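Asks: Below: one structure in structure tokens.
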Amino acid sequence: MSRATPPKTPVRLYCFPHAGASSLVYRGWRAPQGVPLEIVGVDQPGRGPRARDARVTHYPELVAAMADQVAADLRAAREERPGLRWATFGHSFGATLSLSVAATVARRLGERPERSVLSAALPPRLQPETVIGDLDDDALLAKMVADGGTASALLSNTTMTRLLVRMMREDEEIRCQFGRETSTLSVDHPLVLLAARDDPHVTPAQMAGWAEHSTAPSHRVEIPGGHFAAVLQPERALALAVDGTARAPEGRPGREGESLTCVSGPR
């Protein structure tokens with residue numbers, strides 16, 4: 001008589017939003033059927049559910065504040081579900097934040113996450129001095145429209161466009177610190193590097209540079225689509241958060257210590 005395999009404890013996935021956004025972008029995310037995953041959005045102080053908190057602009061202080069939030073949430077969740085595992089997901093601007101926070105929480109708890117999924121983000125050594133430069137508000141909004149990551153309903157509302165522009169400029173102030181503050185960032189847990197083939201801002205080859213920030217193996221995944229492909233169609237990202245080393249049939253070896261999966265689909 002065969003013995004049933006006991007179900008694994010769920011993974012609590014802490015999700016960090018892109019620039020100019022809050023954790024509300026993850027409100028509609030649902031784990032694929034049968035995937036033991038709990039999705040939790042993480043906000044900066046002064047944004048989203050933390051709107052009343054004082055904004056933090058110094059990168060190390062920001063990471064510490066967000067790590068406080070994640071560690072407290074994980075401890076509380078484990079009171080009901082002992083053994084609950086954890087992982088992080090970050091898209092674009094949120095990827096760097098997510099890895100820094102993961103490293104801080106791991107040090108505090110003495111326990112590393114299952115993995116960190118990094119999506120559509122330049123590694124620290126490739127960070128430009130500025131992303132939005134001297135764009136005026138209209139040009140910045142046009143860039144957001146072209147990137148395709150902001151709902152059209154928001155962009156047609158004058159009050160919301162003012163808020164979006166303000167948040168983009170706030171995040172640019174923080175992003176300008178990435179190169180300096182995260183150049184020596186190193187973790188010892190696995191990384192999943194998720195890149196879209198038609199992303200005009202981050203190529204799959206550039207995403208591969210994140211591998212140097214972990215002593216553990218990394219797994220690269222290439223998907224069809226543009227910069228926001230992983231956010232707009234999150235099923236693969238969510239599955240990878242639970243099983244970060246799963247290979248699709250078209251998977252092939254990457255560089256030493258890496259594996260690479262290419263997901264087919266329309267270009």
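Residue names in the structure tokens use chain letters A, B, ... in the order shown, residue numbers from 1 in each chain, and ligand numbers from 1 in the order shown.
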Taking the DSSP assignment computed from this structure's backbone, write out as an MDAnalysis selection string all residues of segment 131-231 of chain A that belong to strand (DSSP E).
Replies: chainID A and resid 191:196 218:223
Asks: Would you pick out the contacts of segment 10-27 of chain A at 7 Å or less, using only C-alpha atoms, so that residues sharing its chain but fewer than 2 positions from it are not included, and give the list as a VMD selection string?
Replies: chain A and resid 8 29 36 to 43 47 to 48 84 to 95 98 164 167 to 168 171 242
Asks: Could you write out the selected residues, including C-alpha atoms, as a CSV table (one decimal), in the first residue's frame?
Replies:
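Result saved to part-v7.csv:
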```csv
chain,number,residue,atom,x,y,z
A,8,LYS,CA,4.5,20.9,2.5
A,29,TRP,CA,-2.6,38.0,-7.5
A,36,PRO,CA,0.9,26.3,-1.4
A,37,LEU,CA,1.5,30.0,-1.5
A,38,GLU,CA,0.4,33.0,0.5
A,39,ILE,CA,0.9,36.4,-1.1
A,40,VAL,CA,1.7,39.5,1.0
A,41,GLY,CA,2.4,42.9,-0.4
A,42,VAL,CA,5.2,45.0,1.3
A,43,ASP,CA,5.0,48.8,1.3
A,47,ARG,CA,2.7,54.4,1.1
A,48,GLY,CA,-0.3,52.2,0.7
A,84,LEU,CA,5.7,28.4,7.6
A,85,ARG,CA,8.3,29.0,4.9
A,86,TRP,CA,9.1,32.4,3.3
A,87,ALA,CA,10.4,33.9,0.0
A,88,THR,CA,10.5,37.3,-1.7
A,89,PHE,CA,9.5,38.7,-5.0
A,90,GLY,CA,10.5,42.1,-6.4
A,91,HIS,CA,9.8,43.6,-9.7
A,92,SER,CA,12.0,46.3,-11.3
A,93,PHE,CA,12.7,48.9,-8.6
A,94,GLY,CA,11.2,46.5,-6.1
A,95,ALA,CA,13.7,43.7,-6.9
A,98,SER,CA,13.3,42.9,-1.9
A,164,LEU,CA,1.8,58.8,-9.5
A,167,MET,CA,5.7,58.6,-6.1
A,168,MET,CA,7.9,58.1,-9.2
A,171,ASP,CA,11.3,56.3,-5.8
A,242,VAL,CA,7.5,27.9,-4.6
```
Asks: In terms of the shortest atom-to-atom distance over only C-alpha atoms, which of A:Leu141, A:Glu61, A:Glu79, A:Gly34 is closest to Asn157 of chain A?
Replies: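 Among the listed residues, A:Leu141 lies closest to Asn157 of chain A.
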Asks: At a cut-off of 9 Å, using only C-alpha atoms, what residues contact segment 131-133 of chain A? Leave out same-chain residues fewer than 6 positions from it and give the result as a compact mmCIF listing (two decimals) with all heavy atoms, in the first residue's frame.
Replies:
```
# COMPACT_ATOMS: atom_id res chain seq x y z
N LEU A 140 7.17 62.33 -18.08
CA LEU A 140 7.23 61.20 -17.17
C LEU A 140 5.98 60.34 -17.30
O LEU A 140 6.04 59.11 -17.33
CB LEU A 140 7.40 61.69 -15.74
CG LEU A 140 7.52 60.63 -14.64
CD1 LEU A 140 8.62 59.62 -14.97
CD2 LEU A 140 7.77 61.28 -13.29
N LYS A 143 6.18 58.31 -20.39
CA LYS A 143 7.05 57.15 -20.18
C LYS A 143 6.29 56.02 -19.47
O LYS A 143 6.42 54.84 -19.83
CB LYS A 143 8.27 57.55 -19.36
CG LYS A 143 9.23 56.39 -19.04
CD LYS A 143 10.36 56.87 -18.15
CE LYS A 143 11.38 55.80 -17.84
NZ LYS A 143 10.91 54.45 -17.69
N MET A 168 6.75 58.39 -8.29
CA MET A 168 7.87 58.07 -9.18
C MET A 168 9.11 58.89 -8.82
O MET A 168 10.23 58.36 -8.79
CB MET A 168 7.47 58.34 -10.63
CG MET A 168 6.58 57.27 -11.24
SD MET A 168 7.44 55.70 -11.53
CE MET A 168 8.53 56.15 -12.88
N ARG A 169 8.92 60.15 -8.52
CA ARG A 169 10.06 60.99 -8.18
C ARG A 169 10.63 60.61 -6.81
O ARG A 169 11.85 60.65 -6.60
CB ARG A 169 9.66 62.47 -8.22
CG ARG A 169 9.24 62.93 -9.62
CD ARG A 169 9.27 64.43 -9.78
NE ARG A 169 8.73 64.85 -11.05
CZ ARG A 169 9.36 64.75 -12.23
NH1 ARG A 169 10.58 64.25 -12.27
NH2 ARG A 169 8.78 65.17 -13.35
N GLU A 172 12.66 57.51 -7.42
CA GLU A 172 13.91 57.81 -8.13
C GLU A 172 14.98 58.28 -7.15
O GLU A 172 16.16 57.93 -7.29
CB GLU A 172 13.67 58.87 -9.21
CG GLU A 172 14.92 59.35 -9.93
CD GLU A 172 15.53 58.32 -10.87
OE1 GLU A 172 15.04 57.16 -10.90
OE2 GLU A 172 16.50 58.65 -11.57
N ARG A 175 16.18 55.09 -5.72
CA ARG A 175 16.88 54.26 -6.68
C ARG A 175 18.28 54.78 -6.97
O ARG A 175 19.21 53.99 -7.22
CB ARG A 175 16.08 54.18 -7.99
CG ARG A 175 16.59 53.09 -8.95
CD ARG A 175 16.36 53.47 -10.38
NE ARG A 175 17.01 54.72 -10.73
CZ ARG A 175 18.31 54.86 -10.93
NH1 ARG A 175 19.13 53.82 -10.82
NH2 ARG A 175 18.82 56.03 -11.23
N CYS A 176 18.47 56.09 -6.90
CA CYS A 176 19.80 56.65 -7.15
C CYS A 176 20.82 56.19 -6.12
O CYS A 176 22.02 56.35 -6.33
CB CYS A 176 19.71 58.18 -7.16
SG CYS A 176 18.93 58.87 -8.65
```
Asks: Can you list every residue in segment 69-146 of chain A that DSSP puts in alpha helix (DSSP H), as a PyMOL selection string?
Replies: chain A and resi 69-80+93-109+137-146
Asks: With only C-alpha atoms counted and 9 Å as the cut-off, give the residues of segment 140-193 of chain A in contact with segment 106-124 of chain A, each with its shortest interatomic distance in Å and the pair that gives it, as a Markdown table.
Replies:
```
| residue | atom | partner | partner_atom | distance |
| --- | --- | --- | --- | --- |
| A:Phe178 | CA | A:Pro124 | CA | 6.1 |
| A:Gly179 | CA | A:Pro124 | CA | 4.7 |
| A:Arg180 | CA | A:Pro124 | CA | 7.9 |
| A:Glu181 | CA | A:Pro124 | CA | 8.6 |
| A:Thr182 | CA | A:Pro124 | CA | 6.1 |
| A:Ser183 | CA | A:Pro124 | CA | 5.5 |
| A:Thr184 | CA | A:Pro124 | CA | 8.8 |
| A:Leu185 | CA | A:Pro124 | CA | 8.8 |
| A:Val187 | CA | A:Arg112 | CA | 8.6 |
| A:Asp188 | CA | A:Arg112 | CA | 7.6 |
| A:His189 | CA | A:Arg115 | CA | 5.8 |
| A:Pro190 | CA | A:Arg115 | CA | 4.9 |
| A:Leu191 | CA | A:Ser116 | CA | 5.0 |
| A:Val192 | CA | A:Val117 | CA | 4.6 |
| A:Leu193 | CA | A:Leu118 | CA | 5.1 |
```
Asks: For the atom pair atom CA of Ala139 of chain A and atom CA of Phe228 of chain A, what is the interatomic distance in Å to one decimal place?
Replies: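 Taking atom CA of Ala139 of chain A as the start and atom CA of Phe228 of chain A as the end point, the length is 19.4 Å.
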Asks: With only C-alpha atoms as the counted atoms, please give the residues lying no more than 9 Å from Ala211 of chain A, apart from itself and same-chain residues fewer than 3 positions off, as a PyMOL selection string.
Replies: chain A and resi 191-193+207-208+214-219+257-258
Asks: Write to file, as a PDB file, in the first residue's frame, the residues of the selection just made, with all heavy atoms.
Replies:
```pdb
ATOM      1  N   LEU A 191      18.585  32.385  -5.989  1.00  0.00           N
ATOM      2  CA  LEU A 191      17.913  33.463  -6.709  1.00  0.00           C
ATOM      3  C   LEU A 191      17.239  32.904  -7.956  1.00  0.00           C
ATOM      4  O   LEU A 191      17.783  32.029  -8.627  1.00  0.00           O
ATOM      5  CB  LEU A 191      18.903  34.544  -7.135  1.00  0.00           C
ATOM      6  CG  LEU A 191      19.755  35.197  -6.051  1.00  0.00           C
ATOM      7  CD1 LEU A 191      20.641  36.275  -6.671  1.00  0.00           C
ATOM      8  CD2 LEU A 191      18.900  35.763  -4.934  1.00  0.00           C
ATOM      9  N   VAL A 192      16.056  33.412  -8.263  1.00  0.00           N
ATOM     10  CA  VAL A 192      15.393  33.152  -9.534  1.00  0.00           C
ATOM     11  C   VAL A 192      15.378  34.470 -10.288  1.00  0.00           C
ATOM     12  O   VAL A 192      14.855  35.474  -9.785  1.00  0.00           O
ATOM     13  CB  VAL A 192      13.957  32.631  -9.344  1.00  0.00           C
ATOM     14  CG1 VAL A 192      13.306  32.384 -10.701  1.00  0.00           C
ATOM     15  CG2 VAL A 192      13.952  31.363  -8.515  1.00  0.00           C
ATOM     16  N   LEU A 193      15.975  34.499 -11.459  1.00  0.00           N
ATOM     17  CA  LEU A 193      16.149  35.725 -12.237  1.00  0.00           C
ATOM     18  C   LEU A 193      15.203  35.681 -13.420  1.00  0.00           C
ATOM     19  O   LEU A 193      15.410  34.929 -14.376  1.00  0.00           O
ATOM     20  CB  LEU A 193      17.602  35.851 -12.694  1.00  0.00           C
ATOM     21  CG  LEU A 193      18.643  35.643 -11.571  1.00  0.00           C
ATOM     22  CD1 LEU A 193      20.052  35.690 -12.134  1.00  0.00           C
ATOM     23  CD2 LEU A 193      18.450  36.661 -10.459  1.00  0.00           C
ATOM     24  N   MET A 207      20.079  40.755 -16.605  1.00  0.00           N
ATOM     25  CA  MET A 207      19.500  40.130 -15.419  1.00  0.00           C
ATOM     26  C   MET A 207      20.425  39.074 -14.837  1.00  0.00           C
ATOM     27  O   MET A 207      20.491  38.882 -13.618  1.00  0.00           O
ATOM     28  CB  MET A 207      18.149  39.488 -15.764  1.00  0.00           C
ATOM     29  CG  MET A 207      16.957  40.418 -15.734  1.00  0.00           C
ATOM     30  SD  MET A 207      16.566  41.093 -14.101  1.00  0.00           S
ATOM     31  CE  MET A 207      16.270  39.617 -13.139  1.00  0.00           C
ATOM     32  N   ALA A 208      21.152  38.385 -15.696  1.00  0.00           N
ATOM     33  CA  ALA A 208      22.048  37.323 -15.235  1.00  0.00           C
ATOM     34  C   ALA A 208      23.107  37.839 -14.278  1.00  0.00           C
ATOM     35  O   ALA A 208      23.654  37.074 -13.476  1.00  0.00           O
ATOM     36  CB  ALA A 208      22.705  36.638 -16.434  1.00  0.00           C
ATOM     37  N   SER A 214      24.757  36.245  -4.931  1.00  0.00           N
ATOM     38  CA  SER A 214      24.406  35.115  -4.074  1.00  0.00           C
ATOM     39  C   SER A 214      25.478  34.039  -4.166  1.00  0.00           C
ATOM     40  O   SER A 214      26.020  33.778  -5.251  1.00  0.00           O
ATOM     41  CB  SER A 214      23.055  34.525  -4.476  1.00  0.00           C
ATOM     42  OG  SER A 214      22.768  33.388  -3.682  1.00  0.00           O
ATOM     43  N   THR A 215      25.754  33.415  -3.041  1.00  0.00           N
ATOM     44  CA  THR A 215      26.691  32.295  -3.032  1.00  0.00           C
ATOM     45  C   THR A 215      25.983  30.987  -3.380  1.00  0.00           C
ATOM     46  O   THR A 215      26.639  29.966  -3.561  1.00  0.00           O
ATOM     47  CB  THR A 215      27.348  32.161  -1.651  1.00  0.00           C
ATOM     48  OG1 THR A 215      26.323  31.973  -0.659  1.00  0.00           O
ATOM     49  CG2 THR A 215      28.147  33.410  -1.303  1.00  0.00           C
ATOM     50  N   ALA A 216      24.657  31.022  -3.461  1.00  0.00           N
ATOM     51  CA  ALA A 216      23.873  29.844  -3.832  1.00  0.00           C
ATOM     52  C   ALA A 216      23.614  29.852  -5.339  1.00  0.00           C
ATOM     53  O   ALA A 216      23.779  30.878  -6.010  1.00  0.00           O
ATOM     54  CB  ALA A 216      22.546  29.836  -3.070  1.00  0.00           C
ATOM     55  N   PRO A 217      23.208  28.725  -5.910  1.00  0.00           N
ATOM     56  CA  PRO A 217      22.916  28.684  -7.343  1.00  0.00           C
ATOM     57  C   PRO A 217      21.765  29.609  -7.708  1.00  0.00           C
ATOM     58  O   PRO A 217      20.869  29.865  -6.899  1.00  0.00           O
ATOM     59  CB  PRO A 217      22.537  27.215  -7.584  1.00  0.00           C
ATOM     60  CG  PRO A 217      23.151  26.461  -6.458  1.00  0.00           C
ATOM     61  CD  PRO A 217      23.090  27.386  -5.285  1.00  0.00           C
ATOM     62  N   SER A 218      21.796  30.113  -8.922  1.00  0.00           N
ATOM     63  CA  SER A 218      20.699  30.918  -9.437  1.00  0.00           C
ATOM     64  C   SER A 218      20.061  30.201 -10.616  1.00  0.00           C
ATOM     65  O   SER A 218      20.679  29.365 -11.274  1.00  0.00           O
ATOM     66  CB  SER A 218      21.190  32.303  -9.863  1.00  0.00           C
ATOM     67  OG  SER A 218      22.126  32.204 -10.919  1.00  0.00           O
ATOM     68  N   HIS A 219      18.814  30.538 -10.850  1.00  0.00           N
ATOM     69  CA  HIS A 219      18.056  29.927 -11.944  1.00  0.00           C
ATOM     70  C   HIS A 219      17.477  31.044 -12.798  1.00  0.00           C
ATOM     71  O   HIS A 219      16.703  31.865 -12.309  1.00  0.00           O
ATOM     72  CB  HIS A 219      16.944  29.052 -11.377  1.00  0.00           C
ATOM     73  CG  HIS A 219      16.066  28.423 -12.423  1.00  0.00           C
ATOM     74  ND1 HIS A 219      16.557  27.621 -13.416  1.00  0.00           N
ATOM     75  CD2 HIS A 219      14.728  28.496 -12.626  1.00  0.00           C
ATOM     76  CE1 HIS A 219      15.559  27.209 -14.183  1.00  0.00           C
ATOM     77  NE2 HIS A 219      14.441  27.736 -13.737  1.00  0.00           N
ATOM     78  N   GLY A 257      26.930  26.987 -12.006  1.00  0.00           N
ATOM     79  CA  GLY A 257      26.103  27.316 -10.868  1.00  0.00           C
ATOM     80  C   GLY A 257      24.722  27.814 -11.227  1.00  0.00           C
ATOM     81  O   GLY A 257      23.956  28.180 -10.357  1.00  0.00           O
ATOM     82  N   GLU A 258      24.395  27.825 -12.530  1.00  0.00           N
ATOM     83  CA  GLU A 258      23.101  28.329 -12.964  1.00  0.00           C
ATOM     84  C   GLU A 258      22.365  27.276 -13.776  1.00  0.00           C
ATOM     85  O   GLU A 258      22.956  26.360 -14.330  1.00  0.00           O
ATOM     86  CB  GLU A 258      23.261  29.555 -13.871  1.00  0.00           C
ATOM     87  CG  GLU A 258      23.809  30.788 -13.213  1.00  0.00           C
ATOM     88  CD  GLU A 258      23.830  31.930 -14.205  1.00  0.00           C
ATOM     89  OE1 GLU A 258      24.207  31.715 -15.362  1.00  0.00           O
ATOM     90  OE2 GLU A 258      23.451  33.032 -13.804  1.00  0.00           O
TER      91      GLU A 258
END
```
Asks: As an NGL selection string, please: the residues near Ala239 of chain A (cut-off 8 Å, only C-alpha atoms, same-chain neighbours under 5 positions excluded).
Replies: :A and (31-32 or 35 or 244)
Asks: State, in Å with one decimal place, the distance from atom CA of Thr261 of chain A to atom CA of Ala230 of chain A.
Replies: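 Those two atoms sit 14.7 Å apart.
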Asks: Quick one: residues within 12 Å of Ala205 of chain A, only C-alpha atoms counted, chain neighbours fewer than 4 positions away excluded, as a list in words?
Replies: Ala120, Ala121, Leu122, Pro123, Leu126, Leu193, Leu194, Ala195, Ala196, Arg197, Asp199, His201, Gly209, Trp210, Ala211, Arg220, Val221, Glu222, Gly254, Arg255 and Leu260 of chain A
Asks: Selected residues, N, CA, C and O atoms, written as a PDB file, in the first residue's frame, please.
Replies:
```pdb
ATOM      1  N   ALA A 120      12.960  41.714 -13.864  1.00  0.00           N
ATOM      2  CA  ALA A 120      13.107  42.928 -14.689  1.00  0.00           C
ATOM      3  C   ALA A 120      13.849  44.043 -13.975  1.00  0.00           C
ATOM      4  O   ALA A 120      13.378  45.176 -13.899  1.00  0.00           O
ATOM      5  N   ALA A 121      15.027  43.745 -13.449  1.00  0.00           N
ATOM      6  CA  ALA A 121      15.781  44.741 -12.687  1.00  0.00           C
ATOM      7  C   ALA A 121      17.265  44.687 -13.036  1.00  0.00           C
ATOM      8  O   ALA A 121      17.852  43.602 -13.104  1.00  0.00           O
ATOM      9  N   LEU A 122      17.864  45.843 -13.211  1.00  0.00           N
ATOM     10  CA  LEU A 122      19.301  45.901 -13.427  1.00  0.00           C
ATOM     11  C   LEU A 122      20.029  45.629 -12.117  1.00  0.00           C
ATOM     12  O   LEU A 122      19.649  46.176 -11.076  1.00  0.00           O
ATOM     13  N   PRO A 123      21.082  44.811 -12.134  1.00  0.00           N
ATOM     14  CA  PRO A 123      21.865  44.595 -10.914  1.00  0.00           C
ATOM     15  C   PRO A 123      22.610  45.877 -10.539  1.00  0.00           C
ATOM     16  O   PRO A 123      22.754  46.787 -11.360  1.00  0.00           O
ATOM     17  N   LEU A 126      25.132  47.827 -12.754  1.00  0.00           N
ATOM     18  CA  LEU A 126      24.641  48.363 -14.018  1.00  0.00           C
ATOM     19  C   LEU A 126      23.647  49.510 -13.834  1.00  0.00           C
ATOM     20  O   LEU A 126      23.110  50.029 -14.810  1.00  0.00           O
ATOM     21  N   LEU A 193      15.975  34.499 -11.459  1.00  0.00           N
ATOM     22  CA  LEU A 193      16.149  35.725 -12.237  1.00  0.00           C
ATOM     23  C   LEU A 193      15.203  35.681 -13.420  1.00  0.00           C
ATOM     24  O   LEU A 193      15.410  34.929 -14.376  1.00  0.00           O
ATOM     25  N   LEU A 194      14.148  36.477 -13.350  1.00  0.00           N
ATOM     26  CA  LEU A 194      13.054  36.421 -14.320  1.00  0.00           C
ATOM     27  C   LEU A 194      13.171  37.601 -15.273  1.00  0.00           C
ATOM     28  O   LEU A 194      13.084  38.759 -14.861  1.00  0.00           O
ATOM     29  N   ALA A 195      13.376  37.303 -16.557  1.00  0.00           N
ATOM     30  CA  ALA A 195      13.595  38.348 -17.560  1.00  0.00           C
ATOM     31  C   ALA A 195      12.658  38.158 -18.741  1.00  0.00           C
ATOM     32  O   ALA A 195      12.419  37.044 -19.184  1.00  0.00           O
ATOM     33  N   ALA A 196      12.113  39.275 -19.237  1.00  0.00           N
ATOM     34  CA  ALA A 196      11.271  39.246 -20.434  1.00  0.00           C
ATOM     35  C   ALA A 196      12.117  39.578 -21.653  1.00  0.00           C
ATOM     36  O   ALA A 196      12.933  40.499 -21.633  1.00  0.00           O
ATOM     37  N   ARG A 197      11.917  38.831 -22.721  1.00  0.00           N
ATOM     38  CA  ARG A 197      12.787  38.949 -23.894  1.00  0.00           C
ATOM     39  C   ARG A 197      12.691  40.301 -24.590  1.00  0.00           C
ATOM     40  O   ARG A 197      13.652  40.758 -25.200  1.00  0.00           O
ATOM     41  N   ASP A 199      11.899  43.236 -23.124  1.00  0.00           N
ATOM     42  CA  ASP A 199      11.983  44.325 -22.162  1.00  0.00           C
ATOM     43  C   ASP A 199      12.980  45.360 -22.674  1.00  0.00           C
ATOM     44  O   ASP A 199      14.164  45.058 -22.848  1.00  0.00           O
ATOM     45  N   HIS A 201      14.205  47.856 -21.120  1.00  0.00           N
ATOM     46  CA  HIS A 201      15.015  48.419 -20.044  1.00  0.00           C
ATOM     47  C   HIS A 201      16.029  47.445 -19.466  1.00  0.00           C
ATOM     48  O   HIS A 201      17.079  47.863 -18.972  1.00  0.00           O
ATOM     49  N   GLY A 209      23.391  39.148 -14.320  1.00  0.00           N
ATOM     50  CA  GLY A 209      24.395  39.718 -13.437  1.00  0.00           C
ATOM     51  C   GLY A 209      24.041  39.639 -11.964  1.00  0.00           C
ATOM     52  O   GLY A 209      24.918  39.768 -11.101  1.00  0.00           O
ATOM     53  N   TRP A 210      22.764  39.408 -11.651  1.00  0.00           N
ATOM     54  CA  TRP A 210      22.375  39.267 -10.250  1.00  0.00           C
ATOM     55  C   TRP A 210      22.988  38.030  -9.598  1.00  0.00           C
ATOM     56  O   TRP A 210      23.083  37.949  -8.368  1.00  0.00           O
ATOM     57  N   ALA A 211      23.393  37.062 -10.409  1.00  0.00           N
ATOM     58  CA  ALA A 211      23.935  35.818  -9.856  1.00  0.00           C
ATOM     59  C   ALA A 211      25.155  36.074  -8.966  1.00  0.00           C
ATOM     60  O   ALA A 211      25.407  35.310  -8.027  1.00  0.00           O
ATOM     61  N   ARG A 220      17.875  31.103 -14.056  1.00  0.00           N
ATOM     62  CA  ARG A 220      17.390  32.143 -14.957  1.00  0.00           C
ATOM     63  C   ARG A 220      16.191  31.640 -15.746  1.00  0.00           C
ATOM     64  O   ARG A 220      16.192  30.520 -16.240  1.00  0.00           O
ATOM     65  N   VAL A 221      15.188  32.498 -15.860  1.00  0.00           N
ATOM     66  CA  VAL A 221      13.991  32.166 -16.624  1.00  0.00           C
ATOM     67  C   VAL A 221      13.710  33.315 -17.585  1.00  0.00           C
ATOM     68  O   VAL A 221      13.624  34.476 -17.178  1.00  0.00           O
ATOM     69  N   GLU A 222      13.576  32.987 -18.861  1.00  0.00           N
ATOM     70  CA  GLU A 222      13.235  33.977 -19.869  1.00  0.00           C
ATOM     71  C   GLU A 222      11.795  33.747 -20.313  1.00  0.00           C
ATOM     72  O   GLU A 222      11.408  32.622 -20.640  1.00  0.00           O
ATOM     73  N   GLY A 254      22.858  26.790 -17.865  1.00  0.00           N
ATOM     74  CA  GLY A 254      23.369  28.144 -17.994  1.00  0.00           C
ATOM     75  C   GLY A 254      24.851  28.148 -17.674  1.00  0.00           C
ATOM     76  O   GLY A 254      25.558  27.174 -17.938  1.00  0.00           O
ATOM     77  N   ARG A 255      25.320  29.245 -17.081  1.00  0.00           N
ATOM     78  CA  ARG A 255      26.705  29.306 -16.670  1.00  0.00           C
ATOM     79  C   ARG A 255      26.909  28.437 -15.440  1.00  0.00           C
ATOM     80  O   ARG A 255      25.959  27.919 -14.878  1.00  0.00           O
ATOM     81  N   LEU A 260      18.995  27.438 -16.756  1.00  0.00           N
ATOM     82  CA  LEU A 260      18.270  28.392 -17.593  1.00  0.00           C
ATOM     83  C   LEU A 260      17.047  27.730 -18.204  1.00  0.00           C
ATOM     84  O   LEU A 260      17.141  26.647 -18.764  1.00  0.00           O
TER      85      LEU A 260
END
```
Asks: Using only C-alpha atoms, pick whichever of A:Asp198, A:Glu212, A:Glu80, A:Asp68 has the shortest atom-to-atom distance to Arg125 of chain A.
Replies: A:Glu212
